[in-house]
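Here is the structure we will look at.
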Amino acid sequence: MTTVRISELARHDGASVTLRGWVSHTRSSGKIAFIVLRDGTGYLQCVLSKRDVPADLWERFATLTLETSVTVTGAVRAEPRAPGGYEMHLTDLTVIGPSPDFPIQPKEHGTQYLFEHRHLWLRSRRQVAIARVRHEIVQAIRDFFHQRDFVLVDTPILTGSIGEQAGELFSTDYFDLGKAYLAQTGQLYVEAAAAALGKVYCFGPTFRAEKSKTRRHLTEFWMVEPEVAFNDSSDNMRLQEEFVSYLVARALECRGEELKELERDTAPLALVTPPFHRISYTDAVARLNALGSDIQWGNDLGGDDETLLTKQYDRPVFVYNYPKGVKAFYMKENPDDPRTVLNNDCLAPEGYGEIIGGSQREDDHDRLLARIREQGLDPEAYRWYLDLRKYGTFVHSGFGLGVERTVAWICGLPHIRETIAFPRQIHRLYP
Ligand code: 4AD
Ligand code: MG
């Protein structure tokens with residue numbers, strides 16, 4: 001007997017095959033019984049009638065509970081009304097592992113409870129759909145940069161210097177060398193690599209000891225960070241809009257079924273094409289004030305401000321040239337207004353807010369050193385980074401896109417914690 005997966009059934013129409021999987025639903029009229037089986041590649045309705053199957057098989061059906069693992073054998077038949085388009089008429093059924101009292105039943109469980117059982121919750125239709133969308137986006141990220149001749153450079157997770165914000169570092173003892181920090185970004189390292197390879201990116205987990213308990217923050221998240229030699233801030237935004245549009249188009253094209261399962265209204269996503277809207281930070285503050293926000297020039301946009309602003313637009317918006325005071329030390333001062341830097345955030349529509357932070361980097365050695373000192377950082381830890389400005393300095397720009405925020409937006413989820421298999425938050429380290 002051929003053993004197949006549910007996704008392959010189309011090739012076996014009419015044949016008798018064997019499948020292995022888990023029971024996701026059963027029902028019986030007393031004469032006819034149904035098992036909905038899932039094997040990770042799809043769902044299959046299996047049918048058995050009391051009259052046609054041996055008595056012991058019928059009895060085994062009665063022992064099945066949610067998430068029992070089983071082997072089934074039967075004839076595959078096209079059935080347009082069945083989910084997936086096929087049905088199996090059972091001739092054999094073996095229990096591999098029983099599943100007494102599966103903790104997640106088809107009823108309302110609180111969020112807290114579900115995250116305590118995240119290792120089992122991952123099997124639900126909704127979580128499977130999210131995982132597949134995430135997978136598609138991650139693959140699309142790699143394809144986008146590979147097709148454009150970027151070189152992947154893996155950057156260290158254990159680092160000696162601070163990438164973004166001193167207050168948000170995880171540290172650990174590192175032999176005789178004192179403290180090591182878990183990377184908040186790979187950016188400083190891809191800047192060095194950009195001088196070697198021109199167009200590069202890193203893609204990996206990053207860590208922020210953020211005290212924020214918002215729907216947009218995790219303490220461990222995945223970020224992709226391209227860096228391009230000789231791109232200025234405008235080139236940087238053009239690359240971002242092409243990139244984000246590509247990711248959205250790919251999800252729409254390849255994960256329509258999953259987005260449907262998630263009940264995502266895809267109409268707003270279909271609008272995501274270049275060019276995105278562009279507004280300077282200064283104009284954004286004026287606009288927000290007119291809309292009732294009390295934000296003052298010089299403050300960072302809060303989550304609520306971002307939500308309010310994105311609701312004014314039908315596609316993503318770039319907010320560019322923020323005040324120096326609220327941004328990282330490495331951003332290039334704006335020659336036309338030295339109170340600001342040549343940076344941008346990309347805010348996703350429908351209230352989602354920041355998914356990208358990017359900037360042109362300070363390429364002048366002395367200005368960069370001054371910024372490092374101003375921020376109370378130790379120039380010795382940045383000696384290598386300053387060298388990049390000493391030996392053939394170059395205009396360069398890059399950005400970081402957060403995978404979880406992007407997946408949350410594309411899936412239409414209210415919180416980013418469901419976008420990663422095992423989220424890490426201030427109060428969550430289990431499972
Ligand atoms: O704006 P951020 O802090 O920028 C950087 O780290 C730069 N070094 C990137 C670069 O220029 N190479 O973070 C970039 C993105 C944010 O826009 C957001 O999508 C995501 O990373 N992000 C988080 N996602 C989840 N939880 C958090 N705590 C996040 N912090 C940032
Ligand atoms: Mg940011």
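By convention here, the chains of the structure tokens are called A, B, ... in the order presented, each chain's residues are numbered starting at 1, and ligands are numbered starting at 1 in the order presented.
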Problem - Within 12 Å of Asp337 in chain A using only C-alpha atoms, minus same-chain residues under 3 positions, as a VMD selection string - result: chain A and resid 280 282 321 to 324 332 to 334 340 to 342
Quick one: write out the picked residues with all heavy atoms as an mmCIF file, in the first residue's frame?
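And here is the file that came out, out09.cif:
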data_model
loop_
_atom_site.group_PDB
_atom_site.id
_atom_site.type_symbol
_atom_site.label_atom_id
_atom_site.label_comp_id
_atom_site.auth_asym_id
_atom_site.auth_seq_id
_atom_site.Cartn_x
_atom_site.Cartn_y
_atom_site.Cartn_z
ATOM 1 N N SER A 280 7.437 64.178 5.910
ATOM 2 C CA SER A 280 8.552 64.428 6.827
ATOM 3 C C SER A 280 8.040 64.344 8.256
ATOM 4 O O SER A 280 6.838 64.522 8.509
ATOM 5 C CB SER A 280 9.149 65.817 6.574
ATOM 6 O OG SER A 280 8.234 66.802 7.032
ATOM 7 N N THR A 282 8.444 66.449 10.575
ATOM 8 C CA THR A 282 7.905 67.762 10.969
ATOM 9 C C THR A 282 6.468 67.922 10.474
ATOM 10 O O THR A 282 5.582 68.346 11.227
ATOM 11 C CB THR A 282 8.820 68.877 10.425
ATOM 12 O OG1 THR A 282 10.128 68.685 10.985
ATOM 13 C CG2 THR A 282 8.315 70.260 10.805
ATOM 14 N N ASN A 321 13.241 61.825 8.234
ATOM 15 C CA ASN A 321 13.985 62.905 8.901
ATOM 16 C C ASN A 321 13.443 63.247 10.305
ATOM 17 O O ASN A 321 12.883 64.319 10.528
ATOM 18 C CB ASN A 321 14.044 64.152 8.004
ATOM 19 C CG ASN A 321 14.803 63.866 6.706
ATOM 20 O OD1 ASN A 321 15.227 62.746 6.448
ATOM 21 N ND2 ASN A 321 14.980 64.879 5.884
ATOM 22 N N TYR A 322 13.648 62.333 11.216
ATOM 23 C CA TYR A 322 13.245 62.484 12.625
ATOM 24 C C TYR A 322 14.266 63.359 13.359
ATOM 25 O O TYR A 322 15.416 63.507 12.925
ATOM 26 C CB TYR A 322 13.216 61.119 13.316
ATOM 27 C CG TYR A 322 11.979 60.284 13.045
ATOM 28 C CD1 TYR A 322 11.671 59.838 11.766
ATOM 29 C CD2 TYR A 322 11.147 59.905 14.094
ATOM 30 C CE1 TYR A 322 10.548 59.045 11.537
ATOM 31 C CE2 TYR A 322 10.021 59.111 13.868
ATOM 32 C CZ TYR A 322 9.732 58.685 12.588
ATOM 33 O OH TYR A 322 8.624 57.905 12.366
ATOM 34 N N PRO A 323 13.884 63.874 14.518
ATOM 35 C CA PRO A 323 14.846 64.618 15.335
ATOM 36 C C PRO A 323 15.985 63.695 15.787
ATOM 37 O O PRO A 323 15.739 62.540 16.132
ATOM 38 C CB PRO A 323 14.029 65.058 16.557
ATOM 39 C CG PRO A 323 12.613 64.799 16.233
ATOM 40 C CD PRO A 323 12.553 63.792 15.139
ATOM 41 N N LYS A 324 17.172 64.243 15.759
ATOM 42 C CA LYS A 324 18.369 63.509 16.149
ATOM 43 C C LYS A 324 18.228 62.875 17.531
ATOM 44 O O LYS A 324 18.668 61.752 17.771
ATOM 45 C CB LYS A 324 19.515 64.540 16.188
ATOM 46 C CG LYS A 324 20.867 64.014 15.870
ATOM 47 C CD LYS A 324 21.893 65.085 16.184
ATOM 48 C CE LYS A 324 22.238 65.891 14.946
ATOM 49 N NZ LYS A 324 23.201 66.977 15.253
ATOM 50 N N LYS A 332 22.948 59.605 9.840
ATOM 51 C CA LYS A 332 23.621 60.784 9.293
ATOM 52 C C LYS A 332 22.798 62.043 9.544
ATOM 53 O O LYS A 332 21.591 62.082 9.303
ATOM 54 C CB LYS A 332 23.866 60.618 7.791
ATOM 55 C CG LYS A 332 24.685 61.770 7.227
ATOM 56 C CD LYS A 332 25.293 61.449 5.885
ATOM 57 C CE LYS A 332 26.164 62.597 5.391
ATOM 58 N NZ LYS A 332 27.359 62.823 6.261
ATOM 59 N N GLU A 333 23.516 63.070 10.015
ATOM 60 C CA GLU A 333 22.877 64.362 10.237
ATOM 61 C C GLU A 333 22.364 64.901 8.901
ATOM 62 O O GLU A 333 23.020 64.777 7.871
ATOM 63 C CB GLU A 333 23.936 65.304 10.812
ATOM 64 C CG GLU A 333 23.400 66.591 11.338
ATOM 65 C CD GLU A 333 24.551 67.404 11.942
ATOM 66 O OE1 GLU A 333 24.948 67.117 13.086
ATOM 67 O OE2 GLU A 333 25.061 68.305 11.241
ATOM 68 N N ASN A 334 21.176 65.523 8.936
ATOM 69 C CA ASN A 334 20.593 66.114 7.730
ATOM 70 C C ASN A 334 21.266 67.459 7.457
ATOM 71 O O ASN A 334 21.127 68.391 8.237
ATOM 72 C CB ASN A 334 19.087 66.302 7.973
ATOM 73 C CG ASN A 334 18.389 66.982 6.809
ATOM 74 O OD1 ASN A 334 18.995 67.215 5.767
ATOM 75 N ND2 ASN A 334 17.116 67.300 7.011
ATOM 76 N N THR A 340 17.817 67.321 12.606
ATOM 77 C CA THR A 340 17.223 66.047 12.186
ATOM 78 C C THR A 340 18.267 65.139 11.534
ATOM 79 O O THR A 340 19.386 65.566 11.253
ATOM 80 C CB THR A 340 16.073 66.278 11.180
ATOM 81 O OG1 THR A 340 16.613 66.887 10.003
ATOM 82 C CG2 THR A 340 15.008 67.185 11.769
ATOM 83 N N VAL A 341 17.888 63.893 11.318
ATOM 84 C CA VAL A 341 18.776 62.919 10.672
ATOM 85 C C VAL A 341 18.129 62.382 9.396
ATOM 86 O O VAL A 341 16.913 62.469 9.223
ATOM 87 C CB VAL A 341 19.120 61.740 11.621
ATOM 88 C CG1 VAL A 341 20.113 62.177 12.688
ATOM 89 C CG2 VAL A 341 17.858 61.140 12.259
ATOM 90 N N LEU A 342 18.974 61.803 8.518
ATOM 91 C CA LEU A 342 18.487 61.262 7.239
ATOM 92 C C LEU A 342 18.012 59.824 7.441
ATOM 93 O O LEU A 342 18.709 58.873 7.124
ATOM 94 C CB LEU A 342 19.598 61.299 6.191
ATOM 95 C CG LEU A 342 20.088 62.697 5.803
ATOM 96 C CD1 LEU A 342 21.232 62.603 4.778
ATOM 97 C CD2 LEU A 342 18.942 63.535 5.231
#
Handout entry: At most 8 Å from ligand 1 (only C-alpha atoms and all ligand atoms): residue list as a VMD selection string
Key = chain A and resid 163 to 164 184 to 188 207 to 210 212 216 to 227 345 to 346 354 to 359 397 to 406 416
Practice task
Excluding Val153 in chain A and residues on its chain fewer than 4 positions from it, collect all residues at most 8 Å away from it, counting only C-alpha atoms, and give them as an MDAnalysis selection string.
Solution key: chainID A and resid 190 193 200:202
Taking the DSSP assignment computed from this structure's backbone, write out as a PDB file with C-alpha atoms, in the first residue's frame all residues of range 64-290 of chain A that belong to helix (DSSP H, G or I).
ATOM      1  CA  PRO A  83     -12.528  20.507   2.175  1.00  0.00           C
ATOM      2  CA  GLY A  84      -9.502  19.939  -0.051  1.00  0.00           C
ATOM      3  CA  GLY A  85     -11.661  18.305  -2.737  1.00  0.00           C
ATOM      4  CA  THR A 111      -5.246  33.799  25.768  1.00  0.00           C
ATOM      5  CA  GLN A 112      -3.165  33.069  28.864  1.00  0.00           C
ATOM      6  CA  TYR A 113      -4.228  29.406  28.806  1.00  0.00           C
ATOM      7  CA  LEU A 114      -3.539  29.051  25.097  1.00  0.00           C
ATOM      8  CA  PHE A 115      -0.002  30.439  25.436  1.00  0.00           C
ATOM      9  CA  GLU A 116       0.652  28.063  28.366  1.00  0.00           C
ATOM     10  CA  ARG A 118       1.479  26.875  22.922  1.00  0.00           C
ATOM     11  CA  HIS A 119       3.258  23.574  22.101  1.00  0.00           C
ATOM     12  CA  LEU A 120      -0.173  21.997  21.471  1.00  0.00           C
ATOM     13  CA  TRP A 121      -1.981  25.106  20.240  1.00  0.00           C
ATOM     14  CA  ARG A 125      -5.987  25.503  11.906  1.00  0.00           C
ATOM     15  CA  ARG A 126      -5.407  29.142  12.644  1.00  0.00           C
ATOM     16  CA  GLN A 127      -1.885  28.661  13.969  1.00  0.00           C
ATOM     17  CA  VAL A 128      -0.995  26.404  11.052  1.00  0.00           C
ATOM     18  CA  ALA A 129      -2.210  29.098   8.645  1.00  0.00           C
ATOM     19  CA  ILE A 130      -0.107  31.779  10.381  1.00  0.00           C
ATOM     20  CA  ALA A 131       2.977  29.533  10.332  1.00  0.00           C
ATOM     21  CA  ARG A 132       2.589  28.985   6.605  1.00  0.00           C
ATOM     22  CA  VAL A 133       2.223  32.698   5.878  1.00  0.00           C
ATOM     23  CA  ARG A 134       5.311  33.385   7.979  1.00  0.00           C
ATOM     24  CA  HIS A 135       7.244  30.721   6.111  1.00  0.00           C
ATOM     25  CA  GLU A 136       6.243  32.256   2.770  1.00  0.00           C
ATOM     26  CA  ILE A 137       7.322  35.733   3.870  1.00  0.00           C
ATOM     27  CA  VAL A 138      10.683  34.485   5.131  1.00  0.00           C
ATOM     28  CA  GLN A 139      11.274  32.647   1.853  1.00  0.00           C
ATOM     29  CA  ALA A 140      10.181  35.734  -0.110  1.00  0.00           C
ATOM     30  CA  ILE A 141      12.682  37.865   1.850  1.00  0.00           C
ATOM     31  CA  ARG A 142      15.509  35.534   0.847  1.00  0.00           C
ATOM     32  CA  ASP A 143      14.338  35.357  -2.776  1.00  0.00           C
ATOM     33  CA  PHE A 144      14.024  39.145  -3.106  1.00  0.00           C
ATOM     34  CA  PHE A 145      17.602  39.784  -2.064  1.00  0.00           C
ATOM     35  CA  HIS A 146      19.041  36.777  -3.853  1.00  0.00           C
ATOM     36  CA  GLN A 147      17.402  37.868  -7.132  1.00  0.00           C
ATOM     37  CA  ALA A 166      21.836  50.973  25.884  1.00  0.00           C
ATOM     38  CA  GLY A 167      18.794  50.516  28.107  1.00  0.00           C
ATOM     39  CA  GLU A 168      17.480  47.503  26.224  1.00  0.00           C
ATOM     40  CA  PHE A 175      35.013  34.598  30.017  1.00  0.00           C
ATOM     41  CA  ASP A 176      37.839  37.066  30.835  1.00  0.00           C
ATOM     42  CA  LEU A 177      36.465  39.743  28.515  1.00  0.00           C
ATOM     43  CA  GLN A 187      23.614  46.547  11.193  1.00  0.00           C
ATOM     44  CA  LEU A 188      27.044  47.712  12.305  1.00  0.00           C
ATOM     45  CA  TYR A 189      28.524  44.482  10.972  1.00  0.00           C
ATOM     46  CA  VAL A 190      26.711  44.587   7.625  1.00  0.00           C
ATOM     47  CA  GLU A 191      28.075  48.121   7.180  1.00  0.00           C
ATOM     48  CA  ALA A 192      31.570  46.607   7.252  1.00  0.00           C
ATOM     49  CA  ALA A 193      30.436  43.860   4.865  1.00  0.00           C
ATOM     50  CA  ALA A 194      28.890  46.413   2.452  1.00  0.00           C
ATOM     51  CA  ALA A 195      32.354  47.865   1.877  1.00  0.00           C
ATOM     52  CA  ALA A 196      33.530  44.376   0.938  1.00  0.00           C
ATOM     53  CA  LEU A 197      30.557  43.176  -1.137  1.00  0.00           C
ATOM     54  CA  SER A 233      18.306  57.966   2.042  1.00  0.00           C
ATOM     55  CA  SER A 234      16.027  58.350  -1.028  1.00  0.00           C
ATOM     56  CA  ASP A 235      17.473  55.234  -2.683  1.00  0.00           C
ATOM     57  CA  ASN A 236      16.910  53.491   0.614  1.00  0.00           C
ATOM     58  CA  MET A 237      13.186  54.313   0.662  1.00  0.00           C
ATOM     59  CA  ARG A 238      12.795  53.173  -2.951  1.00  0.00           C
ATOM     60  CA  LEU A 239      14.332  49.821  -2.070  1.00  0.00           C
ATOM     61  CA  GLN A 240      11.988  49.513   0.926  1.00  0.00           C
ATOM     62  CA  GLU A 241       8.816  50.133  -1.079  1.00  0.00           C
ATOM     63  CA  GLU A 242       9.825  47.590  -3.712  1.00  0.00           C
ATOM     64  CA  PHE A 243      10.681  45.091  -1.012  1.00  0.00           C
ATOM     65  CA  VAL A 244       7.515  45.462   1.062  1.00  0.00           C
ATOM     66  CA  SER A 245       5.336  45.370  -2.072  1.00  0.00           C
ATOM     67  CA  TYR A 246       7.077  42.161  -3.150  1.00  0.00           C
ATOM     68  CA  LEU A 247       6.422  40.488   0.203  1.00  0.00           C
ATOM     69  CA  VAL A 248       2.737  41.415   0.183  1.00  0.00           C
ATOM     70  CA  ALA A 249       2.262  40.322  -3.454  1.00  0.00           C
ATOM     71  CA  ARG A 250       3.928  37.008  -2.703  1.00  0.00           C
ATOM     72  CA  ALA A 251       1.667  36.332   0.290  1.00  0.00           C
ATOM     73  CA  LEU A 252      -1.414  37.178  -1.787  1.00  0.00           C
ATOM     74  CA  GLU A 253      -0.262  34.991  -4.651  1.00  0.00           C
ATOM     75  CA  CYS A 254       0.900  31.948  -2.698  1.00  0.00           C
ATOM     76  CA  GLY A 256      -4.539  32.904  -0.403  1.00  0.00           C
ATOM     77  CA  GLU A 257      -5.987  29.825   1.307  1.00  0.00           C
ATOM     78  CA  GLU A 258      -4.287  30.640   4.593  1.00  0.00           C
ATOM     79  CA  LEU A 259      -5.325  34.305   4.478  1.00  0.00           C
ATOM     80  CA  LYS A 260      -8.888  33.113   3.912  1.00  0.00           C
ATOM     81  CA  GLU A 261      -8.624  30.769   6.911  1.00  0.00           C
ATOM     82  CA  ALA A 267      -8.506  44.314  -0.464  1.00  0.00           C
ATOM     83  CA  PRO A 268      -6.223  46.716   1.493  1.00  0.00           C
ATOM     84  CA  LEU A 269      -3.216  44.456   0.794  1.00  0.00           C
ATOM     85  CA  ALA A 270      -3.876  44.530  -2.952  1.00  0.00           C
ATOM     86  CA  TYR A 281       8.552  64.020  10.588  1.00  0.00           C
ATOM     87  CA  THR A 282       7.905  67.762  10.969  1.00  0.00           C
ATOM     88  CA  ASP A 283       4.839  67.615   8.691  1.00  0.00           C
ATOM     89  CA  ALA A 284       3.675  64.433  10.417  1.00  0.00           C
ATOM     90  CA  VAL A 285       3.700  66.189  13.795  1.00  0.00           C
ATOM     91  CA  ALA A 286       1.614  69.065  12.368  1.00  0.00           C
ATOM     92  CA  ARG A 287      -0.771  66.596  10.782  1.00  0.00           C
ATOM     93  CA  LEU A 288      -1.103  64.648  14.031  1.00  0.00           C
ATOM     94  CA  ASN A 289      -1.720  67.813  16.035  1.00  0.00           C
ATOM     95  CA  ALA A 290      -4.504  68.706  13.598  1.00  0.00           C
TER      96      ALA A 290
END
Exercise for the section: Show which residues sit within 9 Å of range 366-370 of chain A, as an MDAnalysis selection string. Count only C-alpha atoms, and ignore same-chain residues fewer than 2 positions away. Expected result: chainID A and resid 329:333 362:364 372:375 379 382 386 389
Exercise for the section: Determine the nearest neighbour of Thr18 in chain A from the options A:Thr65, A:Gln45, A:Ser171, A:Thr71, counting only C-alpha atoms. Expected result: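 Distance minimum relative to Thr18 in chain A lands on A:Thr71.
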Problem - Shortest interatomic distance to Leu19 in chain A - which of A:Leu66, A:Cys411, A:Leu93, A:Ala229, counting only C-alpha atoms - result: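 For Leu19 in chain A, the nearest of the candidates is A:Leu93.
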Problem - Nearest residue to ligand 2 from the set A:Trp409, A:Trp384, A:Phe102, A:Tyr320 (distances using only C-alpha atoms and all ligand atoms) - result: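 Counting only C-alpha atoms and all ligand atoms, the residue closest to ligand 2 is A:Tyr320.
Closest approach to Arg339 in chain A among A:Ala82, A:Val326, A:Arg20, A:Asp173 is made by A:Val326 (distances from only C-alpha atoms).
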Problem - Pick from A:His89, A:Arg264, A:Val319, A:Leu64, whichever lies nearest to ligand 2 using only C-alpha atoms and all ligand atoms - result: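 Of A:His89, A:Arg264, A:Val319, A:Leu64, the one nearest ligand 2, counting only C-alpha atoms and all ligand atoms, is A:Val319.
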Problem - Distance query Gly353 in chain A at most 6 Å, only C-alpha atoms, self and fewer than 2 positions along chain excluded, as a count of residues only - result: 5
Exercise for the section: Extract the full set of strand (DSSP E or B) residues from range 248-341 of chain A according to DSSP on the backbone, and format it as a count of residues only. Expected result: 13
Practice task
Would you please work out which residue, of A:Leu309, A:Leu301, A:Ile157, A:Ala421, is nearest to ligand 2 when using only C-alpha atoms and all ligand atoms?
Solution key: A:Leu301
Exercise for the section: Give me, please, the distance in Å between CA of Met88 in chain A and CA of Val53 in chain A, quoted to one decimal. Expected result: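 For CA of Met88 in chain A relative to CA of Val53 in chain A, the distance reads 13.3 Å.
Non-sequential neighbours of Asp92 in chain A (distance at most 8 Å, separation of 5 or more positions within a chain, only C-alpha atoms) are A:Leu57, A:Val72, A:Thr73, A:Gly74.
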With N, CA, C and O atoms retained, write the just-selected residues as a PDB file, in the first residue's frame.
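Final output, selection03.pdb:
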ATOM      1  N   LEU A  57     -13.308  -2.434  13.503  1.00  0.00           N
ATOM      2  CA  LEU A  57     -12.925  -1.107  12.984  1.00  0.00           C
ATOM      3  C   LEU A  57     -13.940  -0.055  13.475  1.00  0.00           C
ATOM      4  O   LEU A  57     -13.571   1.025  13.937  1.00  0.00           O
ATOM      5  N   VAL A  72      -4.518   5.450   8.578  1.00  0.00           N
ATOM      6  CA  VAL A  72      -5.774   5.069   7.928  1.00  0.00           C
ATOM      7  C   VAL A  72      -5.483   4.581   6.512  1.00  0.00           C
ATOM      8  O   VAL A  72      -4.527   5.026   5.884  1.00  0.00           O
ATOM      9  N   THR A  73      -6.311   3.669   6.067  1.00  0.00           N
ATOM     10  CA  THR A  73      -6.201   3.186   4.694  1.00  0.00           C
ATOM     11  C   THR A  73      -7.595   3.211   4.082  1.00  0.00           C
ATOM     12  O   THR A  73      -8.580   2.953   4.785  1.00  0.00           O
ATOM     13  N   GLY A  74      -7.638   3.551   2.800  1.00  0.00           N
ATOM     14  CA  GLY A  74      -8.940   3.561   2.138  1.00  0.00           C
ATOM     15  C   GLY A  74      -8.827   4.093   0.727  1.00  0.00           C
ATOM     16  O   GLY A  74      -7.748   4.484   0.274  1.00  0.00           O
TER      17      GLY A  74
END
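CA of Pro100 in chain A lies 19.2 Å from CA of Phe34 in chain A.
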